[in-house]
Amino acid sequence: MGGYPSDYYVMPEHKVILSEDRKQVWIIQPLPLVNKNDLNVEVHQRGFCVDFNPMKKKPVHKCIPFSYEVDINSATAKFEEGVLTIMANIVKSREGKQVSLD
């Protein structure tokens with residue numbers, strides 16, 4: 001059986017964390033083998049996009065949608081030890097209805 005080519009980058013799953021008051025969201029995206037200087041991040045109202053070139057091989061462009069609309073002017077990002085963390089304020093909190101469990 002064949003595998004992925006050696007220059008194929010598999011991006012690990014991201015994690016979404018909401019503040020208790022549901023006014024802020026954090027996206028935690030591991031990006032192993034990525035150099036901070038090779039990473040570009042864009043935050044959009046409904047998601048974020050990353051561009052990078054892991055280990056100077058095949059470039060990667062990936063966009064991931066948010067479940068919430070965010071205020072792009074409030075967005076901040078940091079990249080430490082191979083982990084990208086994006087924080088933004090939520091524009092509209094989704095209202096929900098609690099349901100009883102049978």
# chains A, B, ... in the order shown; residues from 1 in each chain; ligands from 1
$ residues_around --residues "Lys56 in chain A" --least-positions-apart "2" --cutoff "10 Å" --atoms "only C-alpha atoms" --output "PyMOL selection string"
chain A and resi 7+33-35+38+52-54+58-59
$ write_last_selection --atoms "N, CA and C atoms" --output "mmCIF file, in the first residue's frame"
data_model
loop_
_atom_site.group_PDB
_atom_site.id
_atom_site.type_symbol
_atom_site.label_atom_id
_atom_site.label_comp_id
_atom_site.auth_asym_id
_atom_site.auth_seq_id
_atom_site.Cartn_x
_atom_site.Cartn_y
_atom_site.Cartn_z
ATOM 1 N N ASP A 7 6.353 14.957 0.988
ATOM 2 C CA ASP A 7 6.183 16.399 1.120
ATOM 3 C C ASP A 7 4.737 16.785 1.454
ATOM 4 N N LEU A 33 6.383 21.435 12.924
ATOM 5 C CA LEU A 33 7.340 21.586 11.829
ATOM 6 C C LEU A 33 7.186 22.908 11.074
ATOM 7 N N VAL A 34 6.435 23.859 11.644
ATOM 8 C CA VAL A 34 6.231 25.151 11.004
ATOM 9 C C VAL A 34 7.069 26.198 11.727
ATOM 10 N N ASN A 35 7.751 27.015 10.956
ATOM 11 C CA ASN A 35 8.545 28.110 11.490
ATOM 12 C C ASN A 35 7.676 29.364 11.535
ATOM 13 N N ASP A 38 7.615 31.668 8.619
ATOM 14 C CA ASP A 38 7.006 31.158 7.389
ATOM 15 C C ASP A 38 5.483 31.082 7.479
ATOM 16 N N PHE A 52 1.605 28.500 5.010
ATOM 17 C CA PHE A 52 2.943 28.231 5.522
ATOM 18 C C PHE A 52 3.636 27.229 4.608
ATOM 19 N N ASN A 53 4.907 27.070 4.836
ATOM 20 C CA ASN A 53 5.728 26.178 4.050
ATOM 21 C C ASN A 53 6.525 25.306 5.022
ATOM 22 N N PRO A 54 5.965 24.164 5.446
ATOM 23 C CA PRO A 54 6.653 23.347 6.456
ATOM 24 C C PRO A 54 7.955 22.761 5.925
ATOM 25 N N LYS A 58 6.429 21.533 0.224
ATOM 26 C CA LYS A 58 5.231 21.975 -0.489
ATOM 27 C C LYS A 58 4.434 22.973 0.345
ATOM 28 N N PRO A 59 4.111 24.173 -0.189
ATOM 29 C CA PRO A 59 3.344 25.176 0.556
ATOM 30 C C PRO A 59 1.953 24.654 0.926
#
$ residues_around --residues "Leu31 in chain A" --least-positions-apart "2" --cutoff "12 Å" --atoms "only C-alpha atoms" --output "list in words"
Tyr9, Val10, Met11, Pro12, Glu13, His14, Ile28, Gln29, Leu33, Val34, Asn35, Lys36, Asp38, Leu39, Val50, Asp51, Phe52, Asn53, Pro54, Met55, Val60, Lys62, Phe79, Glu80, Glu81, Gly82, Val83, Leu84 and Thr85 of chain A
$ closest_residue --among "A:Ile64, A:Ile72, A:Leu101, A:Ile17" --to "Ala88 in chain A" --atoms "only C-alpha atoms"
A:Ile72
$ atom_distance --atom1 "CA of Leu18 in chain A" --atom2 "CA of Asn40 in chain A"
23.8 Å
$ select_by_dssp --residues "range 14-46 of chain A" --states "strand (DSSP E or B)" --output "list in words"
Lys15, Val16, Ile17, Leu18, Gln24, Val25, Trp26, Ile27, Ile28, Gln29, Pro30, Asn40, Val41, Glu42, Val43 and His44 of chain A
$ residues_around --residues "Val91 in chain A" --least-positions-apart "3" --cutoff "9 Å" --atoms "only C-alpha atoms" --output "list in words"
Lys23, Gln24, Gln45, Tyr68, Glu69, Val70 and Asp71 of chain A
$ write_last_selection --atoms "all heavy atoms" --output "mmCIF file, in the first residue's frame"
data_model
loop_
_atom_site.group_PDB
_atom_site.id
_atom_site.type_symbol
_atom_site.label_atom_id
_atom_site.label_comp_id
_atom_site.auth_asym_id
_atom_site.auth_seq_id
_atom_site.Cartn_x
_atom_site.Cartn_y
_atom_site.Cartn_z
ATOM 1 N N LYS A 23 -18.670 35.157 24.934
ATOM 2 C CA LYS A 23 -18.369 36.410 24.244
ATOM 3 C C LYS A 23 -17.017 36.378 23.540
ATOM 4 O O LYS A 23 -16.706 37.269 22.772
ATOM 5 C CB LYS A 23 -18.424 37.582 25.227
ATOM 6 C CG LYS A 23 -19.840 37.849 25.717
ATOM 7 C CD LYS A 23 -19.903 39.063 26.593
ATOM 8 C CE LYS A 23 -21.343 39.311 27.040
ATOM 9 N NZ LYS A 23 -21.460 40.493 27.865
ATOM 10 N N GLN A 24 -16.203 35.362 23.834
ATOM 11 C CA GLN A 24 -14.895 35.223 23.196
ATOM 12 C C GLN A 24 -14.678 33.772 22.789
ATOM 13 O O GLN A 24 -15.217 32.854 23.405
ATOM 14 C CB GLN A 24 -13.772 35.642 24.137
ATOM 15 C CG GLN A 24 -13.770 37.123 24.447
ATOM 16 C CD GLN A 24 -12.625 37.481 25.373
ATOM 17 O OE1 GLN A 24 -12.330 36.761 26.313
ATOM 18 N NE2 GLN A 24 -11.974 38.596 25.086
ATOM 19 N N GLN A 45 -14.472 37.071 9.406
ATOM 20 C CA GLN A 45 -15.637 37.039 10.292
ATOM 21 C C GLN A 45 -16.114 35.618 10.556
ATOM 22 O O GLN A 45 -16.619 35.328 11.625
ATOM 23 C CB GLN A 45 -16.789 37.851 9.700
ATOM 24 C CG GLN A 45 -16.579 39.329 9.774
ATOM 25 C CD GLN A 45 -17.743 40.083 9.156
ATOM 26 O OE1 GLN A 45 -18.336 39.659 8.171
ATOM 27 N NE2 GLN A 45 -18.070 41.201 9.763
ATOM 28 N N TYR A 68 -18.958 30.649 14.846
ATOM 29 C CA TYR A 68 -19.464 31.931 15.320
ATOM 30 C C TYR A 68 -18.931 33.039 14.428
ATOM 31 O O TYR A 68 -17.843 32.922 13.888
ATOM 32 C CB TYR A 68 -19.004 32.201 16.758
ATOM 33 C CG TYR A 68 -19.411 31.121 17.715
ATOM 34 C CD1 TYR A 68 -18.561 30.056 17.978
ATOM 35 C CD2 TYR A 68 -20.643 31.152 18.329
ATOM 36 C CE1 TYR A 68 -18.941 29.047 18.850
ATOM 37 C CE2 TYR A 68 -21.031 30.149 19.199
ATOM 38 C CZ TYR A 68 -20.180 29.105 19.446
ATOM 39 O OH TYR A 68 -20.560 28.111 20.300
ATOM 40 N N GLU A 69 -19.685 34.125 14.323
ATOM 41 C CA GLU A 69 -19.176 35.312 13.645
ATOM 42 C C GLU A 69 -18.348 36.091 14.649
ATOM 43 O O GLU A 69 -18.783 36.323 15.770
ATOM 44 C CB GLU A 69 -20.338 36.171 13.145
ATOM 45 C CG GLU A 69 -19.897 37.376 12.358
ATOM 46 C CD GLU A 69 -21.066 38.179 11.821
ATOM 47 O OE1 GLU A 69 -22.149 37.608 11.630
ATOM 48 O OE2 GLU A 69 -20.879 39.388 11.625
ATOM 49 N N VAL A 70 -17.132 36.492 14.248
ATOM 50 C CA VAL A 70 -16.250 37.194 15.169
ATOM 51 C C VAL A 70 -15.957 38.604 14.675
ATOM 52 O O VAL A 70 -16.090 38.912 13.491
ATOM 53 C CB VAL A 70 -14.911 36.445 15.390
ATOM 54 C CG1 VAL A 70 -15.154 35.062 15.964
ATOM 55 C CG2 VAL A 70 -14.084 36.379 14.133
ATOM 56 N N ASP A 71 -15.550 39.451 15.611
ATOM 57 C CA ASP A 71 -15.117 40.812 15.318
ATOM 58 C C ASP A 71 -13.645 40.736 14.913
ATOM 59 O O ASP A 71 -12.782 40.503 15.760
ATOM 60 C CB ASP A 71 -15.307 41.682 16.554
ATOM 61 C CG ASP A 71 -14.737 43.076 16.405
ATOM 62 O OD1 ASP A 71 -14.364 43.469 15.279
ATOM 63 O OD2 ASP A 71 -14.654 43.790 17.420
#
$ atom_distance --atom1 "CA of Asn73 in chain A" --atom2 "CA of Pro32 in chain A"
27.4 Å
$ atom_distance --atom1 "CA of Ala77 in chain A" --atom2 "CA of His61 in chain A"
17.3 Å
$ closest_residue --among "A:Pro65, A:Lys92, A:Tyr8, A:Ala75" --to "Trp26 in chain A" --atoms "only C-alpha atoms"
A:Ala75
$ select_by_dssp --residues "range 22-100 of chain A" --states "helix (DSSP H, G or I)" --output "list in words"
Lys36, Asn37, Asp38, Pro54, Met55 and Lys56 of chain A
$ closest_residue --among "A:Val99, A:Glu20, A:Ile90, A:Pro30" --to "Ser67 in chain A" --atoms "only C-alpha atoms"
A:Ile90
